[in-house]
Each structure stands twice: as structure tokens, then as C-alpha cells.
file final_15.cif (mmCIF, C-alpha atoms)
data_run
#
loop_
_atom_site.label_atom_id
_atom_site.label_comp_id
_atom_site.auth_asym_id
_atom_site.auth_seq_id
_atom_site.Cartn_x
_atom_site.Cartn_y
_atom_site.Cartn_z
CA MET A 1299 -2.03 -10.60 -11.86
CA ALA A 1300 -3.03 -10.26 -8.21
CA ARG A 1301 -5.98 -12.15 -6.87
CA ILE A 1302 -8.13 -11.14 -3.94
CA VAL A 1303 -8.34 -13.69 -1.15
CA SER A 1304 -11.72 -14.48 0.40
CA PRO A 1305 -14.08 -12.33 -1.67
CA GLY A 1306 -16.57 -10.69 0.62
CA MET A 1307 -14.03 -10.69 3.42
CA THR A 1308 -11.24 -8.93 1.59
CA ILE A 1309 -11.69 -5.64 3.40
CA ALA A 1310 -12.27 -6.07 7.10
CA PRO A 1311 -13.23 -2.93 9.02
CA LEU A 1312 -11.48 -2.60 12.33
CA ARG A 1313 -12.40 -0.07 15.00
CA GLY A 1314 -9.60 2.21 16.04
CA ASP A 1315 -9.01 3.63 19.50
CA ASN A 1316 -9.50 7.17 18.19
CA GLY A 1317 -12.70 6.40 16.26
CA GLY A 1318 -10.76 6.67 13.01
CA MET A 1319 -11.10 4.28 10.12
CA LYS A 1320 -9.03 1.10 10.22
CA PHE A 1321 -9.27 -1.74 7.74
CA GLU A 1322 -7.14 -4.34 6.06
CA HIS A 1323 -7.19 -6.70 3.11
CA ILE A 1324 -4.96 -9.33 1.56
CA VAL A 1325 -3.79 -9.63 -2.06
CA GLN A 1326 -2.48 -12.97 -3.28
CA ILE A 1327 0.78 -12.60 -5.19
CA ASN A 1328 1.56 -16.13 -6.37
CA ASP A 1329 -1.10 -18.56 -7.57
CA PRO A 1330 0.46 -22.02 -7.85
CA GLY A 1331 -2.69 -23.22 -9.63
CA ASN A 1332 -2.31 -20.71 -12.47
CA PRO A 1333 0.80 -21.27 -14.63
CA LEU A 1334 0.00 -18.14 -16.67
CA ILE A 1335 0.93 -15.89 -13.75
CA PRO A 1336 4.68 -15.84 -13.13
CA ASN A 1337 5.58 -16.42 -9.50
CA LEU A 1338 7.50 -13.71 -7.68
CA SER A 1339 10.10 -14.44 -5.04
CA ARG A 1340 10.08 -12.69 -1.68
CA ASP A 1341 13.20 -10.78 -2.83
CA GLN A 1342 11.47 -9.59 -6.02
CA LEU A 1343 8.39 -8.52 -4.10
CA TRP A 1344 10.58 -6.63 -1.63
CA LEU A 1345 12.38 -4.85 -4.49
CA GLY A 1346 8.98 -3.74 -5.78
CA LEU A 1347 7.92 -2.41 -2.38
CA MET A 1348 11.20 -0.51 -2.07
CA ALA A 1349 10.68 0.92 -5.57
CA ARG A 1350 7.39 2.36 -4.30
CA ALA A 1351 9.16 3.83 -1.28
CA GLU A 1352 11.97 5.39 -3.34
CA ASP A 1353 9.79 6.83 -6.11
CA ALA A 1354 6.03 6.50 -5.80
CA THR A 1355 5.26 8.30 -9.09
CA LEU A 1356 4.62 5.04 -10.96
CA PHE A 1357 2.34 3.80 -8.19
CA LEU A 1358 0.13 6.78 -7.32
CA PRO A 1359 -2.01 8.38 -10.05
CA GLY A 1360 -1.72 12.15 -10.03
CA LEU A 1361 1.60 12.15 -8.21
CA GLU A 1362 3.89 14.53 -10.07
CA ALA A 1363 7.03 14.15 -7.96
CA CYS A 1364 8.40 12.20 -5.01
CA HIS A 1365 11.24 13.95 -3.18
CA ILE A 1366 13.40 12.17 -0.61
CA LEU A 1367 13.95 14.80 2.09
CA GLU A 1368 15.96 12.66 4.48
CA ARG A 1369 17.36 9.16 4.45
CA GLY A 1370 18.12 7.16 7.59
CA ASP A 1371 18.57 3.59 8.76
CA ARG A 1372 15.42 1.82 7.51
CA ARG A 1373 13.65 5.20 7.14
CA LEU A 1374 12.83 7.79 4.49
CA GLU A 1375 11.24 11.21 4.88
CA ARG A 1376 9.45 12.19 1.66
CA ARG A 1377 7.43 14.98 0.10
CA LEU A 1378 4.84 13.89 -2.43
CA ASP A 1379 3.75 16.59 -4.89
CA PHE A 1380 0.25 16.23 -6.32
CA GLY A 1381 0.15 19.44 -8.37
CA LYS A 1382 -0.76 22.25 -5.97
CA ALA A 1383 -1.12 19.85 -3.05
CA ALA A 1384 1.85 18.30 -1.25
CA ILE A 1385 2.00 15.84 1.60
CA GLU A 1386 4.90 14.65 3.69
CA ASP A 1387 5.27 11.13 4.94
CA THR A 1388 7.73 8.88 6.69
CA VAL A 1389 8.50 5.44 5.31
CA THR A 1390 9.91 2.81 7.67
CA TRP A 1391 10.56 -0.88 7.11
CA SER A 1392 11.89 -4.18 8.34
CA ARG A 1393 13.72 -5.72 5.39
CA PHE A 1394 11.80 -8.47 3.56
CA GLU A 1395 9.00 -8.27 6.17
CA TRP A 1396 7.00 -5.01 6.09
CA VAL A 1397 6.98 -1.38 5.01
CA CYS A 1398 4.95 1.40 6.66
CA PHE A 1399 3.93 4.73 5.11
CA ALA A 1400 2.89 7.29 7.76
CA VAL A 1401 1.31 10.55 6.53
CA LYS A 1402 0.92 13.49 8.88
CA ARG A 1403 -2.57 14.97 9.26
CA THR A 1404 -2.87 18.47 7.81
CA ASP A 1405 -5.69 20.81 6.85
CA ASN A 1406 -5.62 19.23 3.38
CA HIS A 1407 -5.05 15.56 4.26
CA ALA A 1408 -6.64 13.23 6.80
CA GLY A 1409 -3.31 11.61 7.63
CA GLY A 1410 -2.84 8.01 8.63
CA THR A 1411 -0.73 4.93 8.01
CA LEU A 1412 -0.49 2.10 5.54
CA THR A 1413 1.49 -0.95 6.58
CA ILE A 1414 2.19 -3.56 3.90
CA THR A 1415 3.31 -6.90 5.27
CA ILE A 1416 4.68 -9.80 3.22
CA GLU A 1417 3.08 -13.06 4.34
CA GLU A 1418 4.22 -16.52 3.28
CA PRO A 1419 2.13 -19.22 5.00
CA GLU A 1420 3.83 -21.86 2.80
CA GLU A 1421 7.02 -21.59 0.82
CA GLY A 1422 6.34 -19.74 -2.42
CA HIS A 1423 2.77 -18.81 -1.42
CA LEU A 1424 3.19 -15.04 -1.11
CA PHE A 1425 0.54 -12.56 -0.03
CA LEU A 1426 0.57 -8.87 0.82
CA ARG A 1427 -1.49 -7.68 3.77
CA PHE A 1428 -2.47 -4.01 3.54
CA ALA A 1429 -3.45 -2.49 6.89
CA TYR A 1430 -4.76 1.08 6.92
CA ALA A 1431 -5.43 3.43 9.81
CA THR A 1432 -6.69 6.94 9.04
CA THR A 1433 -8.22 9.80 10.95
CA LEU A 1434 -11.40 9.59 8.84
CA GLY A 1435 -14.41 8.80 11.00
CA GLU A 1436 -16.63 5.77 10.67
CA VAL A 1437 -19.34 6.73 13.14
CA THR A 1438 -22.78 6.71 11.47
CA ASP A 1439 -23.50 10.38 12.16
CA ASP A 1440 -19.96 11.41 11.19
CA GLU A 1441 -19.87 13.24 7.87
CA ASP A 1442 -16.64 11.39 7.04
CA ALA A 1443 -18.37 7.98 7.29
CA ALA A 1444 -19.72 7.92 3.72
CA TYR A 1445 -16.43 9.24 2.42
CA ALA A 1446 -14.58 6.51 4.35
CA GLU A 1447 -16.35 3.79 2.34
CA PHE A 1448 -15.24 5.46 -0.88
CA VAL A 1449 -11.67 5.72 0.44
CA LYS A 1450 -11.60 2.00 1.34
CA SER A 1451 -12.63 1.07 -2.17
CA ALA A 1452 -10.11 3.43 -3.76
CA TYR A 1453 -7.26 2.15 -1.56
CA HIS A 1454 -8.16 -1.44 -2.39
CA GLU A 1455 -8.06 -0.78 -6.13
CA SER A 1456 -4.80 1.15 -5.74
CA ASP A 1457 -3.21 -1.80 -3.93
CA ILE A 1458 -4.16 -4.23 -6.68
CA GLU A 1459 -2.75 -1.77 -9.21
CA MET A 1460 0.46 -1.52 -7.14
CA VAL A 1461 1.00 -5.26 -7.51
CA ARG A 1462 0.40 -4.96 -11.27
CA VAL A 1463 3.01 -2.16 -11.48
CA ILE A 1464 5.53 -4.25 -9.51
CA ARG A 1465 5.02 -7.15 -11.93
CA THR A 1466 5.47 -4.80 -14.90
CA LEU A 1467 8.66 -3.30 -13.46
CA LEU A 1468 10.10 -6.74 -12.79
CA ALA A 1469 9.14 -7.98 -16.27
CA ASP A 1470 10.81 -4.93 -17.84
CA GLU A 1471 13.92 -5.50 -15.73
CA THR A 1472 14.27 -9.15 -16.74
CA ALA A 1473 13.67 -8.29 -20.42
CA HIS A 1474 16.82 -6.12 -20.48
#
call {"tool": "encode", "arguments": {"input": "final_15.cif", "output": "C-alpha cells"}}
result
Amino acid sequence: MARIVSPGMTIAPLRGDNGGMKFEHIVQINDPGNPLIPNLSRDQLWLGLMARAEDATLFLPGLEACHILERGDRRLERRLDFGKAAIEDTVTWSRFEWVCFAVKRTDNHAGGTLTITIEEPEEGHLFLRFAYATTLGEVTDDEDAAYAEFVKSAYHESDIEMVRVIRTLLADETAH
């Protein structure tokens, strides 16, 4: 089970150069004080992040298909099919360090990036930092501002769920 670090400071709004929405939060992966939660290694966590890059259907509700369009050195081009809507993104990474999902802005999608960084301030104390940058506005008179708050909350919940799915996948793998 993931735990949120610093309640009340979990999501920190950051101002972007383009006036778009930027924010980040941290999810604790290992809790040395709770023996009921199995610890994950950095390698296991990385395998889970790569599983999301290769096939996001288990991680994104409503996603019907994830197609790899092109594969390169530390890069994937994907098309994500959400029923009648489809988006394309580029996934890049630095092995065991970070993965970045960059979605192009279209008429149907605001576009933006999500960078997930593995942090380990002490050996075995793993955290994931989720840093978002979107084209949604945060200016008070911007009609996207209210929607941006909803999006932040939804992304935060999705990230906690992602960690739960990774744990489930790893538990299933070790059970076989």
C-alpha cells in the first residue's frame, strides 16, 4: 500500500513558464515501520514502471488498448485508445531513475507531461515523485482553472492506484 508523504503538502502547485498547470507529489513505496507492507526493491519498482510504459491498460481506467507504434533506444511512441478517443504519446526513460510520458496537445486533449522519478534518500526507502506539466490554465479568470483542480486530484488518485497495481502485478508474478 502506498502512503502519501507530508499530508497537506503532497501536491505542490508550481507555476509554469507558459501559464499552464504544473504540480508534483510524492508517494512513499516502502514503509520500514509497517511490516504488513512488503518492501519493493528499486528493480521491482522499475519493472512496474516499465510495465506501465509497455501496456498501460491495467493502469488507466477506460483505456481499451495501448499500441506501440515505434520503439527506440530508451523511447516508445504509443497510441492509447479510449473508445472513440485516441491520444499519442512518447515515453522516454533513464533506466532505474525516471520515466517521462509526453502527450501531444490536440483538439481533444490538453497535452502535457508526467515524469515519474524514483527517489531513494536512504537505502531501501523508496519514493516515487510524480511531476506534471499540462497546458491547462491556472489563472483565476481562466475557465480551465476550476477544471485544473479536479485534474490534480484525479491524477493524484491515479498515481496511488498505479502503485497498487504494480504491487499486485509483482505479487502475482512471485506467486507463480
call {"tool": "resolve_selection", "arguments": {"input": "final_15.cif", "expression": "the PyMOL selection byres ((chain A and resi 1330) around 12)", "output": "list of chain:residue names"}}
result
A:Arg1301, A:Gln1326, A:Ile1327, A:Asn1328, A:Asp1329, A:Gly1331, A:Asn1332, A:Pro1333, A:Leu1334, A:Ile1335, A:Pro1336, A:Asn1337, A:Leu1338, A:Glu1420, A:Glu1421, A:Gly1422, A:His1423, A:Leu1424
call {"tool": "write_last_selection", "arguments": {"input": "final_15.cif", "atoms": "C-alpha atoms", "output": "mmCIF file, in the coordinates of the input"}}
result
data_model
loop_
_atom_site.group_PDB
_atom_site.id
_atom_site.type_symbol
_atom_site.label_atom_id
_atom_site.label_comp_id
_atom_site.auth_asym_id
_atom_site.auth_seq_id
_atom_site.Cartn_x
_atom_site.Cartn_y
_atom_site.Cartn_z
ATOM 1 C CA ARG A 1301 -5.980 -12.150 -6.870
ATOM 2 C CA GLN A 1326 -2.480 -12.970 -3.280
ATOM 3 C CA ILE A 1327 0.780 -12.600 -5.190
ATOM 4 C CA ASN A 1328 1.560 -16.130 -6.370
ATOM 5 C CA ASP A 1329 -1.100 -18.560 -7.570
ATOM 6 C CA GLY A 1331 -2.690 -23.220 -9.630
ATOM 7 C CA ASN A 1332 -2.310 -20.710 -12.470
ATOM 8 C CA PRO A 1333 0.800 -21.270 -14.630
ATOM 9 C CA LEU A 1334 0.000 -18.140 -16.670
ATOM 10 C CA ILE A 1335 0.930 -15.890 -13.750
ATOM 11 C CA PRO A 1336 4.680 -15.840 -13.130
ATOM 12 C CA ASN A 1337 5.580 -16.420 -9.500
ATOM 13 C CA LEU A 1338 7.500 -13.710 -7.680
ATOM 14 C CA GLU A 1420 3.830 -21.860 2.800
ATOM 15 C CA GLU A 1421 7.020 -21.590 0.820
ATOM 16 C CA GLY A 1422 6.340 -19.740 -2.420
ATOM 17 C CA HIS A 1423 2.770 -18.810 -1.420
ATOM 18 C CA LEU A 1424 3.190 -15.040 -1.110
#
call {"tool": "closest_residue", "arguments": {"input": "final_15.cif", "among": "A:Trp1396, A:Phe1357, A:Trp1391, A:Phe1321", "to": "Phe1425 (chain A)", "atoms": "only C-alpha atoms"}}
result
A:Trp1396
call {"tool": "resolve_selection", "arguments": {"input": "final_15.cif", "expression": "the PyMOL selection byres ((chain A and resi 1365) around 12)", "output": "list of chain:residue names"}}
result
A:Ala1351, A:Glu1352, A:Asp1353, A:Ala1354, A:Thr1355, A:Leu1361, A:Glu1362, A:Ala1363, A:Cys1364, A:Ile1366, A:Leu1367, A:Glu1368, A:Arg1369, A:Leu1374, A:Glu1375, A:Arg1376, A:Arg1377, A:Leu1378, A:Asp1379, A:Phe1380, A:Ala1384, A:Ile1385, A:Glu1386, A:Asp1387, A:Thr1388
call {"tool": "resolve_selection", "arguments": {"input": "final_15.cif", "expression": "the PyMOL selection byres ((chain A and resi 1413) around 9)", "output": "list in words"}}
result
Trp1396, Val1397, Cys1398, Phe1399, Ala1400, Thr1411, Leu1412, Ile1414, Thr1415, Arg1427, Phe1428, Ala1429, Tyr1430 and Ala1431 of chain A
call {"tool": "atom_distance", "arguments": {"input": "final_15.cif", "atom1": "CA of Thr1466 (chain A)", "atom2": "CA of Gly1370 (chain A)"}}
result
28.4 Å
call {"tool": "atom_distance", "arguments": {"input": "final_15.cif", "atom1": "CA of Glu1418 (chain A)", "atom2": "CA of Met1348 (chain A)"}}
result
18.3 Å
call {"tool": "closest_residue", "arguments": {"input": "final_15.cif", "among": "A:Arg1462, A:Thr1433, A:Ala1349, A:Glu1417", "to": "Thr1404 (chain A)", "atoms": "only C-alpha atoms"}}
result
A:Thr1433
call {"tool": "atom_distance", "arguments": {"input": "final_15.cif", "atom1": "CA of Met1319 (chain A)", "atom2": "CA of Ala1446 (chain A)"}}
result
7.1 Å
call {"tool": "closest_residue", "arguments": {"input": "final_15.cif", "among": "A:Pro1359, A:Gly1318, A:Ser1339, A:Arg1350", "to": "Ala1452 (chain A)", "atoms": "only C-alpha atoms"}}
result
A:Pro1359
call {"tool": "residues_near_point", "arguments": {"input": "final_15.cif", "point": "(0.1, -2.4, -11.9)", "cutoff": "12 Å", "atoms": "only C-alpha atoms", "output": "list in words"}}
result
Met1299, Ala1300, Gly1346, Arg1350, Leu1356, Phe1357, Leu1358, Pro1359, Glu1455, Ser1456, Asp1457, Ile1458, Glu1459, Met1460, Val1461, Arg1462, Val1463, Ile1464, Arg1465, Thr1466, Leu1467, Leu1468 and Ala1469 of chain A
call {"tool": "write_last_selection", "arguments": {"input": "final_15.cif", "atoms": "C-alpha atoms", "output": "short mmCIF file (atom, residue, chain, number, x, y, z; two decimals), in the frame of the given file"}}
result
data_model
loop_
_atom_site.label_atom_id
_atom_site.label_comp_id
_atom_site.auth_asym_id
_atom_site.auth_seq_id
_atom_site.Cartn_x
_atom_site.Cartn_y
_atom_site.Cartn_z
CA MET A 1299 -2.03 -10.60 -11.86
CA ALA A 1300 -3.03 -10.26 -8.21
CA GLY A 1346 8.98 -3.74 -5.78
CA ARG A 1350 7.39 2.36 -4.30
CA LEU A 1356 4.62 5.04 -10.96
CA PHE A 1357 2.34 3.80 -8.19
CA LEU A 1358 0.13 6.78 -7.32
CA PRO A 1359 -2.01 8.38 -10.05
CA GLU A 1455 -8.06 -0.78 -6.13
CA SER A 1456 -4.80 1.15 -5.74
CA ASP A 1457 -3.21 -1.80 -3.93
CA ILE A 1458 -4.16 -4.23 -6.68
CA GLU A 1459 -2.75 -1.77 -9.21
CA MET A 1460 0.46 -1.52 -7.14
CA VAL A 1461 1.00 -5.26 -7.51
CA ARG A 1462 0.40 -4.96 -11.27
CA VAL A 1463 3.01 -2.16 -11.48
CA ILE A 1464 5.53 -4.25 -9.51
CA ARG A 1465 5.02 -7.15 -11.93
CA THR A 1466 5.47 -4.80 -14.90
CA LEU A 1467 8.66 -3.30 -13.46
CA LEU A 1468 10.10 -6.74 -12.79
CA ALA A 1469 9.14 -7.98 -16.27
#
